[in-house]
Structures are given as structure tokens and as C-alpha cells.
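Written out below as C-alpha cells is the structure these notes cover.
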Amino acid sequence: MSAQAETLLKQWCDEHDLGVPEFIALFDTTADEVVRKGVNNPTCSERTVRRWRKGQVRPDSLSPDTRRVLKAMTGRNMADLFAPPPLPADPEVPALDLEQVINMTARDAQDDASATAAASVSDTSLDQFTDDVASLAREYASIPPLEAFRHGRQLQEELQDLRDRTQIPAQQQRLLELTGQTVALLAASAFNLGAFDGARRLARTAHLYGESARFEALQAYADGILAYIAYYTGMPGEAVLKAQRAQTYGGLGDVARRRLLAIEARAHGYLGDVESALRVLRLSEDVESGARDNLHDVVGGEFGFPLERLAMSSSSTALLVHDGEHAEQSAQRALTLLNHRPRDARSAHVLGSASADLAMARLLANDVEGAAAALVAVWDIPADQRVTGILNRAGQIQHFLTQQPFRGAALPRQLRDQAEEFTRTASNHQLSSRSALLQLEA
């Protein structure tokens with residue numbers, strides 16, 4: 001009697017009498033011999049080995065070093081190793097006898113049962129990580145995006161390690177949600193550093209975590225980031241579609257809907273659809289059902305959308321539809337609301353963006369001195385906190401001041417030079433930050 005193993009790797013393990021712990025020990029020993037990188041050697045967990053043996057992995061998803069180690073261990077090609085083993089071509093080739101099949105099955109069942117019983121993590125640890133993710137979300141607005149990315153990357157790695165150590169469904173669910181939130185914060189950080197491709201990939205990954213965890217608020221937040229990226233990369237039509245799709249998820253609270261409507265309104269304004277922009281802008285300012293969700297409201301912080309941020313976004317939308325009066329009122333409201341917060345809790349993003357919008361609204365009214373007064377707060381923002389939205393607005397102001405009515409005048413020329421220097425020094429910092437980000441991802 002014979003039993004067909006799920007993969008050639010599983011068959012190879014059976015033939016060499018290797019259970020999961022023995023496989024891991026052999027893998028580590030082989031890695032030391034083949035890779036010889038010490039702390040950077042590839043490793044595998046019990047969960048990973050079980051997935052390999054069941055064929056629940058694509059060979060091309062493994063790192064080159066991992067493939068080298070498996071090749072050295074088994075002498076087999078990766079494509080063959082994770083595929084079902086070939087059937088014996090020669091009928092005389094002896095198949096596994098019944099006793100061997102039973103013993104193998106019993107050993108695998110014992111391994112799985114033991115691993116399941118042991119594979120859990122402390123609920124206290126999960127509580128701590130819940131607090132850590134929430135703390136990062138809540139301090140996000142007051143720290144440089146590169147610092148947020150570093151912290152988030154460390155959290156992601158620690159959460160992944162916990163996921164490898166537990167098979168308890170409730171703990172897996174909780175860890176999926178926490179990992180998804182962390183990846184979403186990484187996406188926001190990458191976006192603010194101007195690394196749009198990485199931000200897009202991270203936002204999609206966060207969306208997948210939300211889908212796996214059935215956490216629709218996280219899916220909506222991730223779609224919102226994708227809408228922002230589309231907006232800032234010159235694809236406002238896609239931004240509208242992403243924001244509208246995000247609003248179809250169930251269980252969203254007022255904060256989530258306010259955020260998504262604000263994003264949609266700006267995208268309509270970018271498209272020149274004044275009627276839709278103003279209609280959706282009014283909707284964003286009128287959301288008041290009392291509904292809450294576990295991400296935007298309970299965790300809050302960067303997942304939230306406070307009233308000063310709504311006012312800032314409204315000013316940007318008003319500028320896009322050339323309503324300078326509404327833009328100035330909304331920008332002033334954003335700055336007033338922000339000033340009511342403790343100094344260390346004020347968002348540099350909101351401060352810089354609202355101040356720049358206020359300056360642009362005054363320039364539309366030919367009030368250059370008023371614009372210069374508003375821009376003082378912008379120039380004071382440290383280089384490591386000059387995020388994408390602020391730099392985009394500074395560039396718009398610089399370009400606007402090149403128009404004929406402002407040429408030759410001393411104050412507009414000074415403001416143009418300040419905007420250029422502000423963007424240049426920030427861009428240099430962003431380049432070094434993106435380099436550091438790539439090193440973190442390596």
C-alpha cells in the first residue's frame with residue numbers, strides 16, 4: 001500500500017524520517033554551511049515548514065538564500081520540491097509499506113497536535129502590542145515620518161513573529177488586525193516621504209490584511225491611502241473611484257466617512273467637476289450620525305480625521321474650484337482648531353498645509369503681504385516633517401508667484417526664493433530618508 005505525499009518535499013522528509021523539529025535543525029545547520037552569514041542566515045519556523053510541506057508557497061516567493069539552503073539539503077529543484085511527487089514509473093519500485101504509512105501519519109498528527117497545544121502567545125503580550133500600535137497611530141502626527149516608519153517596521157516584524165508562534169484562531173485574528181494596522185501606518189509614512197510606489201504596495205498589503213481579518217474599516221482606510229496616492233500622482237479619476245469604493249464597506253463610523261468624502265471632494269476638484277466637488281464637500285462637513293468604528297474612532301490618531309484636518313482639506317478643495325473666500329475661511333478654522341491642542345500634539349502636516357492654503361487664498365485676492373504672514377508658519381517646519389502635502393502646496397505657491405502680476409516685485413520674488421529653498425532642503429532630506437527606508441526594507 002502506498003500514500004501519495006502532498007509535495008516532493010514532504011515525501012523527502014518522510015524518506016529521511018524528518019519531523020518538523022528535525023527539519024528545522026537540519027535547515028539551520030545547512031544554512032551555516034551554505035550561506036555563512038551568521039545572524040543574517042535564513043531561518044524557518046514550524047508554521048513555515050508545515051506550509052512548505054503542504055505546498056502552500058510559491059518557490060519564487062522564497063529568498064535566494066532560502067532556495068540555496070533547500071537545494072543543498074535535498075538536491076532537488078525548487079519547482080519540483082513544492083509540487084506533488086511523481087508517481088513511480090516502475091511497478092517493481094517498492095512503495096511505502098502499511099506500517100510505515102501508519103507510523104508517518106501518527107507522527108505527523110502528533111507533531112501537529114503538540115504544536116497546536118504549545119503554539120499560543122500570552123494575552124498580556126497581545127495587549128501590549130495593541131497598546132504599541134495605538135501609541136504609534138496617536139503620536140504619528142507629531143513625529144517625523146521616517147521615525148514612524150522605523151518604529152512601524154519593528155512592530156511589524158515582532159507581530160509577524162507572534163503570528164508564527166500561535167495557532168489559536170482568536171489570537172491569529174487579533175494579530176492579523178494589528179499587523180494590518182501597522183502596515184497601514186507604514187504606507188502612510190512612505191507616502192509622506194514621497195515614496196509612492198512603496199506606499200502603494202504597503203497600502204494594498206494593509207487592504208489584504210483587512211480582507212483576511214474581515215476588518216472592513218481597515219480596508220476602507222487602505223483604500224483612502226490609495227486614493228491619496230492616485231491624487232498626488234496625477235490620477236484624480238482613480239482617486240474618486242478608490243474613495244467611493246471605500247465608502248461601500250460596512251460598519252464605518254462618521255470619522256471614516258468624513259475622511260473618505262473629503263478625499264473624494266478634492267479629487268472632484270482636481271478634475272474640474274465643481275458641482276460634484278462642492279456637493280461632496282458639503283456632505284463631508286455634514287456627517288453627523290453618531291456612528292463609530294474600531295479603527296478610526298477607537299484607535300484614532302493617524303486613523304482618525306479630526307475637525308482641523310477636515311477644515312484643512314476643505315480649504316484645499318475650495319482652492320481647486322477657485323473659491324478663495326471659502327478656502328481662507330476653512331484654512332483659518334483649521335489653524336484655530338489646531339491652536340486649541342497642546343503644542344506637542346499639533347500636527348505639522350495640518351499646520352503647514354492649512355497655512356499654505358491660507359497663503360494661496362490671499363494670493364488669489366492679490367494680498368501678497370497677507371500671504372507672506374501666513375507662510376511664516378510654513379517656513380518654520382523642520383525638514384524632516386515637510387511631508388508630501390506641504391511640499392506640494394509650497395510648489396504650487398512658487399509656481400503661482402511666477403505669473404506676470406508678481407514678476408519684478410520684491411516681496412513675491414522673496415517668497416518664490418523661500419519656497420524654492422524650502423522645497424530643495426526638504427527634497428534632499430526626503431532623498432536620504434527614502435534611502436534609509438530602502439535599507440530598512442532590504
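Numbering starts fresh at 1 for the residues of each chain in the C-alpha cells, the chains themselves are lettered A, B, ... in the order given, and ligands are numbered from 1 as they appear.
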Which residues are near Glu177 of chain A? Cut-off 7 Å, only C-alpha atoms, ignore same chain within fewer than 2 positions. Put them as a list in words. Gln173, Arg174, Leu175, Thr179, Gly180, Gln181, Tyr209, Gly210 and Ala213 of chain A
Find the spatial neighbours of segment 394-401 of chain A, counting only C-alpha atoms, within a cut-off of 10 Å - ignore same-chain residues fewer than 3 positions away - and output them as number ranges by chain. A: 352-353, 356-357, 359-360, 363-364, 368, 371, 375, 378-379, 388-391, 404-407, 411-420, 422-423
May I have the residues from that selection written out with C-alpha atoms, as an mmCIF file, in the first residue's frame?
data_model
loop_
_atom_site.group_PDB
_atom_site.id
_atom_site.type_symbol
_atom_site.label_atom_id
_atom_site.label_comp_id
_atom_site.auth_asym_id
_atom_site.auth_seq_id
_atom_site.Cartn_x
_atom_site.Cartn_y
_atom_site.Cartn_z
ATOM 1 C CA GLY A 352 1.889 73.588 7.191
ATOM 2 C CA SER A 353 -0.887 72.644 4.775
ATOM 3 C CA ALA A 356 -0.059 77.301 2.797
ATOM 4 C CA ASP A 357 -3.725 77.144 1.756
ATOM 5 C CA ALA A 359 -1.457 81.992 1.817
ATOM 6 C CA MET A 360 -2.743 80.794 -1.563
ATOM 7 C CA LEU A 363 -2.653 85.446 -3.194
ATOM 8 C CA LEU A 364 -5.832 84.829 -5.197
ATOM 9 C CA VAL A 368 0.832 89.326 -1.036
ATOM 10 C CA ALA A 371 0.249 85.556 2.142
ATOM 11 C CA LEU A 375 3.785 81.463 5.172
ATOM 12 C CA VAL A 378 5.309 77.050 6.818
ATOM 13 C CA TRP A 379 8.964 78.096 6.614
ATOM 14 C CA THR A 388 4.221 65.353 0.679
ATOM 15 C CA GLY A 389 1.141 67.530 1.151
ATOM 16 C CA ILE A 390 3.113 70.521 2.430
ATOM 17 C CA LEU A 391 5.731 70.277 -0.319
ATOM 18 C CA GLN A 404 3.010 88.225 -14.725
ATOM 19 C CA PRO A 405 1.356 90.360 -11.991
ATOM 20 C CA PHE A 406 4.058 89.310 -9.492
ATOM 21 C CA ARG A 407 7.163 89.493 -11.673
ATOM 22 C CA LEU A 411 8.132 90.504 -1.896
ATOM 23 C CA PRO A 412 6.830 87.950 -4.446
ATOM 24 C CA ARG A 413 10.431 87.300 -5.507
ATOM 25 C CA GLN A 414 11.428 86.764 -1.877
ATOM 26 C CA LEU A 415 8.528 84.333 -1.349
ATOM 27 C CA ARG A 416 9.478 82.418 -4.516
ATOM 28 C CA ASP A 417 13.055 82.088 -3.278
ATOM 29 C CA GLN A 418 11.881 80.950 0.144
ATOM 30 C CA ALA A 419 9.546 78.360 -1.405
ATOM 31 C CA GLU A 420 12.354 77.061 -3.610
ATOM 32 C CA PHE A 422 12.054 75.181 1.491
ATOM 33 C CA THR A 423 11.395 72.522 -1.156
#
Could you state the separation of atom CA of Ile229 of chain A and atom CA of Phe196 of chain A in Å, given to one decimal place?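 Spanning atom CA of Ile229 of chain A to atom CA of Phe196 of chain A is a straight-line distance of 6.6 Å.
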What lies within 10 Å of Asp164 of chain A using only C-alpha atoms, ignoring chain neighbours under 4 positions off, as an MDAnalysis selection string? chainID A and resid 44:48 119:121 159:160 172
Go through A:Asp293, A:Glu158, A:Glu238, A:Asp254 one by one, measure the shortest atom-to-atom distance of each to Pro306 of chain A using only C-alpha atoms, and give the residue with the smallest value.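 Smallest distance to Pro306 of chain A is found for A:Asp254.
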From a DSSP pass on the backbone, collect the residues of segment 272-333 of chain A flagged as alpha helix (DSSP H) and hand them back as a ChimeraX atom specification. /A:274-286,307-320,324-333
What lies within 8 Å of segment 148-156 of chain A using only C-alpha atoms, ignoring chain neighbours under 2 positions off, as a PDB file with all heavy atoms, in the first residue's frame?
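Full text of around-v1.pdb as output:
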ATOM      1  N   PHE A 129       1.036  44.793  22.577  1.00  0.00           N
ATOM      2  CA  PHE A 129       1.173  45.159  21.171  1.00  0.00           C
ATOM      3  C   PHE A 129      -0.015  45.995  20.700  1.00  0.00           C
ATOM      4  O   PHE A 129       0.147  46.879  19.853  1.00  0.00           O
ATOM      5  CB  PHE A 129       1.346  43.915  20.307  1.00  0.00           C
ATOM      6  CG  PHE A 129       2.763  43.426  20.250  1.00  0.00           C
ATOM      7  CD1 PHE A 129       3.154  42.320  20.982  1.00  0.00           C
ATOM      8  CD2 PHE A 129       3.716  44.082  19.491  1.00  0.00           C
ATOM      9  CE1 PHE A 129       4.471  41.872  20.950  1.00  0.00           C
ATOM     10  CE2 PHE A 129       5.026  43.657  19.444  1.00  0.00           C
ATOM     11  CZ  PHE A 129       5.406  42.541  20.183  1.00  0.00           C
ATOM     12  N   ASP A 132       0.891  49.317  21.775  1.00  0.00           N
ATOM     13  CA  ASP A 132       2.015  49.854  20.995  1.00  0.00           C
ATOM     14  C   ASP A 132       1.553  50.377  19.637  1.00  0.00           C
ATOM     15  O   ASP A 132       1.996  51.438  19.178  1.00  0.00           O
ATOM     16  CB  ASP A 132       3.075  48.775  20.795  1.00  0.00           C
ATOM     17  CG  ASP A 132       3.821  48.441  22.082  1.00  0.00           C
ATOM     18  OD1 ASP A 132       3.731  49.229  23.035  1.00  0.00           O
ATOM     19  OD2 ASP A 132       4.467  47.379  22.134  1.00  0.00           O
ATOM     20  N   VAL A 133       0.674  49.617  18.977  1.00  0.00           N
ATOM     21  CA  VAL A 133       0.173  50.052  17.669  1.00  0.00           C
ATOM     22  C   VAL A 133      -0.665  51.321  17.825  1.00  0.00           C
ATOM     23  O   VAL A 133      -0.531  52.277  17.046  1.00  0.00           O
ATOM     24  CB  VAL A 133      -0.648  48.929  16.999  1.00  0.00           C
ATOM     25  CG1 VAL A 133      -1.294  49.445  15.707  1.00  0.00           C
ATOM     26  CG2 VAL A 133       0.241  47.731  16.685  1.00  0.00           C
ATOM     27  N   LEU A 136       1.621  54.332  18.389  1.00  0.00           N
ATOM     28  CA  LEU A 136       2.242  54.807  17.153  1.00  0.00           C
ATOM     29  C   LEU A 136       1.245  55.614  16.329  1.00  0.00           C
ATOM     30  O   LEU A 136       1.590  56.668  15.780  1.00  0.00           O
ATOM     31  CB  LEU A 136       2.767  53.629  16.336  1.00  0.00           C
ATOM     32  CG  LEU A 136       3.391  53.993  14.981  1.00  0.00           C
ATOM     33  CD1 LEU A 136       4.559  54.952  15.154  1.00  0.00           C
ATOM     34  CD2 LEU A 136       3.849  52.727  14.247  1.00  0.00           C
ATOM     35  N   TYR A 140       1.777  59.671  15.696  1.00  0.00           N
ATOM     36  CA  TYR A 140       2.231  59.768  14.311  1.00  0.00           C
ATOM     37  C   TYR A 140       2.322  61.219  13.834  1.00  0.00           C
ATOM     38  O   TYR A 140       3.311  61.602  13.195  1.00  0.00           O
ATOM     39  CB  TYR A 140       1.282  58.981  13.404  1.00  0.00           C
ATOM     40  CG  TYR A 140       1.697  58.980  11.958  1.00  0.00           C
ATOM     41  CD1 TYR A 140       2.462  57.950  11.423  1.00  0.00           C
ATOM     42  CD2 TYR A 140       1.328  60.021  11.101  1.00  0.00           C
ATOM     43  CE1 TYR A 140       2.865  57.949  10.097  1.00  0.00           C
ATOM     44  CE2 TYR A 140       1.727  60.040   9.778  1.00  0.00           C
ATOM     45  CZ  TYR A 140       2.490  58.998   9.282  1.00  0.00           C
ATOM     46  OH  TYR A 140       2.885  59.017   7.973  1.00  0.00           O
ATOM     47  N   ILE A 143       5.599  63.252  15.008  1.00  0.00           N
ATOM     48  CA  ILE A 143       6.964  62.754  14.819  1.00  0.00           C
ATOM     49  C   ILE A 143       7.280  62.712  13.322  1.00  0.00           C
ATOM     50  O   ILE A 143       6.377  62.652  12.492  1.00  0.00           O
ATOM     51  CB  ILE A 143       7.163  61.355  15.437  1.00  0.00           C
ATOM     52  CG1 ILE A 143       6.232  60.331  14.778  1.00  0.00           C
ATOM     53  CG2 ILE A 143       6.925  61.397  16.934  1.00  0.00           C
ATOM     54  CD1 ILE A 143       6.445  58.908  15.277  1.00  0.00           C
ATOM     55  N   PRO A 144       8.566  62.761  12.958  1.00  0.00           N
ATOM     56  CA  PRO A 144       8.927  62.679  11.536  1.00  0.00           C
ATOM     57  C   PRO A 144       8.477  61.340  10.936  1.00  0.00           C
ATOM     58  O   PRO A 144       8.484  60.307  11.617  1.00  0.00           O
ATOM     59  CB  PRO A 144      10.458  62.766  11.560  1.00  0.00           C
ATOM     60  CG  PRO A 144      10.786  63.433  12.853  1.00  0.00           C
ATOM     61  CD  PRO A 144       9.741  62.980  13.825  1.00  0.00           C
ATOM     62  N   PRO A 145       8.082  61.330   9.660  1.00  0.00           N
ATOM     63  CA  PRO A 145       7.592  60.087   9.042  1.00  0.00           C
ATOM     64  C   PRO A 145       8.636  58.978   9.003  1.00  0.00           C
ATOM     65  O   PRO A 145       8.281  57.800   9.079  1.00  0.00           O
ATOM     66  CB  PRO A 145       7.163  60.524   7.641  1.00  0.00           C
ATOM     67  CG  PRO A 145       7.794  61.849   7.414  1.00  0.00           C
ATOM     68  CD  PRO A 145       7.951  62.478   8.756  1.00  0.00           C
ATOM     69  N   LEU A 146       9.918  59.323   8.891  1.00  0.00           N
ATOM     70  CA  LEU A 146      10.933  58.268   8.877  1.00  0.00           C
ATOM     71  C   LEU A 146      11.008  57.584  10.236  1.00  0.00           C
ATOM     72  O   LEU A 146      11.179  56.362  10.323  1.00  0.00           O
ATOM     73  CB  LEU A 146      12.296  58.827   8.491  1.00  0.00           C
ATOM     74  CG  LEU A 146      13.422  57.778   8.382  1.00  0.00           C
ATOM     75  CD1 LEU A 146      13.074  56.716   7.354  1.00  0.00           C
ATOM     76  CD2 LEU A 146      14.745  58.441   8.029  1.00  0.00           C
ATOM     77  N   GLU A 158       7.893  42.121  14.855  1.00  0.00           N
ATOM     78  CA  GLU A 158       7.553  41.459  16.113  1.00  0.00           C
ATOM     79  C   GLU A 158       6.177  40.804  16.031  1.00  0.00           C
ATOM     80  O   GLU A 158       5.971  39.695  16.550  1.00  0.00           O
ATOM     81  CB  GLU A 158       7.595  42.476  17.254  1.00  0.00           C
ATOM     82  CG  GLU A 158       9.010  42.970  17.553  1.00  0.00           C
ATOM     83  CD  GLU A 158       9.040  44.143  18.520  1.00  0.00           C
ATOM     84  OE1 GLU A 158       7.967  44.752  18.738  1.00  0.00           O
ATOM     85  OE2 GLU A 158      10.116  44.448  19.055  1.00  0.00           O
ATOM     86  N   LEU A 159       5.241  41.467  15.373  1.00  0.00           N
ATOM     87  CA  LEU A 159       3.908  40.890  15.209  1.00  0.00           C
ATOM     88  C   LEU A 159       3.948  39.650  14.314  1.00  0.00           C
ATOM     89  O   LEU A 159       3.243  38.669  14.562  1.00  0.00           O
ATOM     90  CB  LEU A 159       2.955  41.935  14.627  1.00  0.00           C
ATOM     91  CG  LEU A 159       2.540  43.054  15.586  1.00  0.00           C
ATOM     92  CD1 LEU A 159       1.915  44.210  14.816  1.00  0.00           C
ATOM     93  CD2 LEU A 159       1.560  42.523  16.626  1.00  0.00           C
ATOM     94  N   GLN A 160       4.773  39.688  13.266  1.00  0.00           N
ATOM     95  CA  GLN A 160       4.908  38.520  12.392  1.00  0.00           C
ATOM     96  C   GLN A 160       5.471  37.339  13.168  1.00  0.00           C
ATOM     97  O   GLN A 160       5.050  36.189  12.979  1.00  0.00           O
ATOM     98  CB  GLN A 160       5.814  38.853  11.205  1.00  0.00           C
ATOM     99  CG  GLN A 160       5.930  37.725  10.184  1.00  0.00           C
ATOM    100  CD  GLN A 160       4.592  37.372   9.570  1.00  0.00           C
ATOM    101  OE1 GLN A 160       3.888  38.241   9.052  1.00  0.00           O
ATOM    102  NE2 GLN A 160       4.215  36.106   9.639  1.00  0.00           N
ATOM    103  N   THR A 179      -1.354  43.618  12.692  1.00  0.00           N
ATOM    104  CA  THR A 179      -0.355  43.701  11.623  1.00  0.00           C
ATOM    105  C   THR A 179      -0.865  44.581  10.488  1.00  0.00           C
ATOM    106  O   THR A 179      -0.118  45.391   9.929  1.00  0.00           O
ATOM    107  CB  THR A 179      -0.013  42.297  11.088  1.00  0.00           C
ATOM    108  OG1 THR A 179       0.390  41.463  12.180  1.00  0.00           O
ATOM    109  CG2 THR A 179       1.111  42.361  10.072  1.00  0.00           C
ATOM    110  N   THR A 182      -0.528  48.172  11.435  1.00  0.00           N
ATOM    111  CA  THR A 182       0.867  48.601  11.382  1.00  0.00           C
ATOM    112  C   THR A 182       1.321  48.835   9.949  1.00  0.00           C
ATOM    113  O   THR A 182       1.988  49.827   9.647  1.00  0.00           O
ATOM    114  CB  THR A 182       1.758  47.545  12.056  1.00  0.00           C
ATOM    115  OG1 THR A 182       1.301  47.317  13.395  1.00  0.00           O
ATOM    116  CG2 THR A 182       3.204  48.001  12.089  1.00  0.00           C
ATOM    117  N   VAL A 183       0.944  47.935   9.046  1.00  0.00           N
ATOM    118  CA  VAL A 183       1.318  48.093   7.642  1.00  0.00           C
ATOM    119  C   VAL A 183       0.645  49.346   7.054  1.00  0.00           C
ATOM    120  O   VAL A 183       1.239  50.051   6.233  1.00  0.00           O
ATOM    121  CB  VAL A 183       0.960  46.829   6.838  1.00  0.00           C
ATOM    122  CG1 VAL A 183       1.195  47.043   5.350  1.00  0.00           C
ATOM    123  CG2 VAL A 183       1.789  45.645   7.318  1.00  0.00           C
ATOM    124  N   LEU A 185       0.048  52.089   8.679  1.00  0.00           N
ATOM    125  CA  LEU A 185       0.850  53.218   9.147  1.00  0.00           C
ATOM    126  C   LEU A 185       2.166  53.310   8.383  1.00  0.00           C
ATOM    127  O   LEU A 185       2.668  54.403   8.118  1.00  0.00           O
ATOM    128  CB  LEU A 185       1.110  53.092  10.649  1.00  0.00           C
ATOM    129  CG  LEU A 185      -0.132  53.251  11.545  1.00  0.00           C
ATOM    130  CD1 LEU A 185       0.204  52.915  12.992  1.00  0.00           C
ATOM    131  CD2 LEU A 185      -0.698  54.661  11.444  1.00  0.00           C
ATOM    132  N   LEU A 186       2.730  52.162   8.017  1.00  0.00           N
ATOM    133  CA  LEU A 186       3.921  52.164   7.165  1.00  0.00           C
ATOM    134  C   LEU A 186       3.604  52.782   5.805  1.00  0.00           C
ATOM    135  O   LEU A 186       4.411  53.534   5.242  1.00  0.00           O
ATOM    136  CB  LEU A 186       4.448  50.740   6.983  1.00  0.00           C
ATOM    137  CG  LEU A 186       5.093  50.076   8.199  1.00  0.00           C
ATOM    138  CD1 LEU A 186       5.414  48.615   7.892  1.00  0.00           C
ATOM    139  CD2 LEU A 186       6.354  50.806   8.620  1.00  0.00           C
ATOM    140  N   SER A 189       3.459  56.491   6.194  1.00  0.00           N
ATOM    141  CA  SER A 189       4.808  57.038   6.337  1.00  0.00           C
ATOM    142  C   SER A 189       5.514  57.118   4.992  1.00  0.00           C
ATOM    143  O   SER A 189       6.143  58.127   4.653  1.00  0.00           O
ATOM    144  CB  SER A 189       5.629  56.170   7.298  1.00  0.00           C
ATOM    145  OG  SER A 189       5.002  56.062   8.551  1.00  0.00           O
ATOM    146  N   ALA A 190       5.433  56.030   4.223  1.00  0.00           N
ATOM    147  CA  ALA A 190       6.083  56.009   2.910  1.00  0.00           C
ATOM    148  C   ALA A 190       5.489  57.083   1.999  1.00  0.00           C
ATOM    149  O   ALA A 190       6.215  57.761   1.255  1.00  0.00           O
ATOM    150  CB  ALA A 190       5.932  54.624   2.275  1.00  0.00           C
ATOM    151  N   LEU A 437      14.835  54.277   4.083  1.00  0.00           N
ATOM    152  CA  LEU A 437      13.652  53.418   4.009  1.00  0.00           C
ATOM    153  C   LEU A 437      13.962  52.159   3.210  1.00  0.00           C
ATOM    154  O   LEU A 437      13.586  51.049   3.596  1.00  0.00           O
ATOM    155  CB  LEU A 437      12.499  54.203   3.377  1.00  0.00           C
ATOM    156  CG  LEU A 437      11.122  53.544   3.287  1.00  0.00           C
ATOM    157  CD1 LEU A 437      10.047  54.634   3.316  1.00  0.00           C
ATOM    158  CD2 LEU A 437      10.955  52.745   2.014  1.00  0.00           C
ATOM    159  N   LEU A 440      15.894  49.784   5.253  1.00  0.00           N
ATOM    160  CA  LEU A 440      15.038  49.097   6.221  1.00  0.00           C
ATOM    161  C   LEU A 440      14.261  47.968   5.557  1.00  0.00           C
ATOM    162  O   LEU A 440      14.004  46.929   6.174  1.00  0.00           O
ATOM    163  CB  LEU A 440      14.047  50.088   6.842  1.00  0.00           C
ATOM    164  CG  LEU A 440      14.614  51.066   7.882  1.00  0.00           C
ATOM    165  CD1 LEU A 440      13.601  52.141   8.187  1.00  0.00           C
ATOM    166  CD2 LEU A 440      14.995  50.317   9.156  1.00  0.00           C
TER     167      LEU A 440
END
Residue contacts of segment 323-330 of chain A (10 Å, only C-alpha atoms) excluding same-chain residues fewer than 3 positions away, as a PyMOL selection string: chain A and resi 308+310-320+333-336+354-355+357-365
From the list A:Gln219, A:Ser142, A:Asn392, A:Ser276, which residue is nearest Thr248 of chain A when using only C-alpha atoms?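 Of A:Gln219, A:Ser142, A:Asn392, A:Ser276, the one nearest Thr248 of chain A, counting only C-alpha atoms, is A:Gln219.
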Can you write out as a Markdown table which residues of segment 273-355 of chain A fall within 12 Å of segment 239-244 of chain A, alongside each residue's closest atom pair and its distance in Å to one decimal, counting only C-alpha atoms and ordering rows by chain and ascending residue number?
| residue | atom | partner | partner_atom | distance |
| --- | --- | --- | --- | --- |
| A:Asp273 | CA | A:Val240 | CA | 11.3 |
| A:Ser276 | CA | A:Val240 | CA | 10.7 |
| A:Ala277 | CA | A:Val240 | CA | 10.5 |
| A:Val280 | CA | A:Gln244 | CA | 10.9 |
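When atom CA of Gly55 of chain A is paired with atom CA of Phe82 of chain A, their separation reads 5.1 Å.
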Taking into account only C-alpha atoms, which residue in the set A:Ala220, A:Val350, A:Ala345, A:Met73 is nearest to Ala331 of chain A?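 Among the listed residues, A:Val350 lies closest to Ala331 of chain A.
In this model, the gap between atom CA of Ala267 of chain A and atom CA of Leu226 of chain A comes to 12.3 Å.
Proximity to Gly304 of chain A at 10 Å, evaluated using only C-alpha atoms and with sequence-adjacent residues fewer than 6 positions away removed, yields Ala137, Arg138, Tyr221, Val255, Ala256, Arg258, Arg259, Leu295, His296, Asp297 and Val298 of chain A.
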Take the residues that were just selected and, keeping N, CA, C and O atoms, output them as a PDB file, in the first residue's frame.
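New file part27.pdb:
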ATOM      1  N   ALA A 137       0.008  55.131  16.255  1.00  0.00           N
ATOM      2  CA  ALA A 137      -1.016  55.857  15.491  1.00  0.00           C
ATOM      3  C   ALA A 137      -1.270  57.238  16.094  1.00  0.00           C
ATOM      4  O   ALA A 137      -1.438  58.227  15.366  1.00  0.00           O
ATOM      5  N   ARG A 138      -1.254  57.315  17.425  1.00  0.00           N
ATOM      6  CA  ARG A 138      -1.617  58.569  18.081  1.00  0.00           C
ATOM      7  C   ARG A 138      -0.473  59.573  18.129  1.00  0.00           C
ATOM      8  O   ARG A 138      -0.719  60.785  18.191  1.00  0.00           O
ATOM      9  N   TYR A 221      -9.706  52.335   5.163  1.00  0.00           N
ATOM     10  CA  TYR A 221      -8.569  53.234   5.397  1.00  0.00           C
ATOM     11  C   TYR A 221      -7.499  53.034   4.323  1.00  0.00           C
ATOM     12  O   TYR A 221      -6.946  54.005   3.785  1.00  0.00           O
ATOM     13  N   VAL A 255     -16.217  59.311  11.407  1.00  0.00           N
ATOM     14  CA  VAL A 255     -14.861  59.777  11.110  1.00  0.00           C
ATOM     15  C   VAL A 255     -14.376  59.201   9.786  1.00  0.00           C
ATOM     16  O   VAL A 255     -13.809  59.919   8.945  1.00  0.00           O
ATOM     17  N   ALA A 256     -14.604  57.903   9.597  1.00  0.00           N
ATOM     18  CA  ALA A 256     -14.178  57.259   8.355  1.00  0.00           C
ATOM     19  C   ALA A 256     -14.880  57.874   7.155  1.00  0.00           C
ATOM     20  O   ALA A 256     -14.246  58.173   6.130  1.00  0.00           O
ATOM     21  N   ARG A 258     -16.256  60.819   6.904  1.00  0.00           N
ATOM     22  CA  ARG A 258     -15.818  62.208   6.736  1.00  0.00           C
ATOM     23  C   ARG A 258     -14.496  62.252   5.967  1.00  0.00           C
ATOM     24  O   ARG A 258     -14.311  63.054   5.051  1.00  0.00           O
ATOM     25  N   ARG A 259     -13.586  61.381   6.352  1.00  0.00           N
ATOM     26  CA  ARG A 259     -12.270  61.328   5.697  1.00  0.00           C
ATOM     27  C   ARG A 259     -12.406  60.974   4.221  1.00  0.00           C
ATOM     28  O   ARG A 259     -11.811  61.621   3.342  1.00  0.00           O
ATOM     29  N   LEU A 295     -11.521  51.250  14.293  1.00  0.00           N
ATOM     30  CA  LEU A 295     -10.227  51.741  13.817  1.00  0.00           C
ATOM     31  C   LEU A 295     -10.161  53.262  13.884  1.00  0.00           C
ATOM     32  O   LEU A 295      -9.339  53.835  14.598  1.00  0.00           O
ATOM     33  N   HIS A 296     -11.016  53.912  13.130  1.00  0.00           N
ATOM     34  CA  HIS A 296     -10.945  55.369  13.026  1.00  0.00           C
ATOM     35  C   HIS A 296     -11.291  56.060  14.340  1.00  0.00           C
ATOM     36  O   HIS A 296     -10.779  57.153  14.626  1.00  0.00           O
ATOM     37  N   ASP A 297     -12.152  55.444  15.145  1.00  0.00           N
ATOM     38  CA  ASP A 297     -12.586  56.072  16.397  1.00  0.00           C
ATOM     39  C   ASP A 297     -11.869  55.491  17.608  1.00  0.00           C
ATOM     40  O   ASP A 297     -11.332  56.227  18.429  1.00  0.00           O
ATOM     41  N   VAL A 298     -11.859  54.151  17.731  1.00  0.00           N
ATOM     42  CA  VAL A 298     -11.297  53.530  18.928  1.00  0.00           C
ATOM     43  C   VAL A 298      -9.780  53.675  18.968  1.00  0.00           C
ATOM     44  O   VAL A 298      -9.202  54.065  19.977  1.00  0.00           O
TER      45      VAL A 298
END
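Of the residues listed (A:Ala265, A:Asp131, A:Phe215, A:Asn192), A:Phe215 shows the shortest atom-to-atom separation from Tyr249 of chain A; distances use only C-alpha atoms.
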Segment 22-35 of chain A: which residues within 8 Å, counting only C-alpha atoms, same-chain residues fewer than 5 positions away excluded, as JSON, numbers by chain? {"A": [13, 41, 42, 43, 44, 45, 46, 49, 65, 68, 69, 70, 72, 73]}
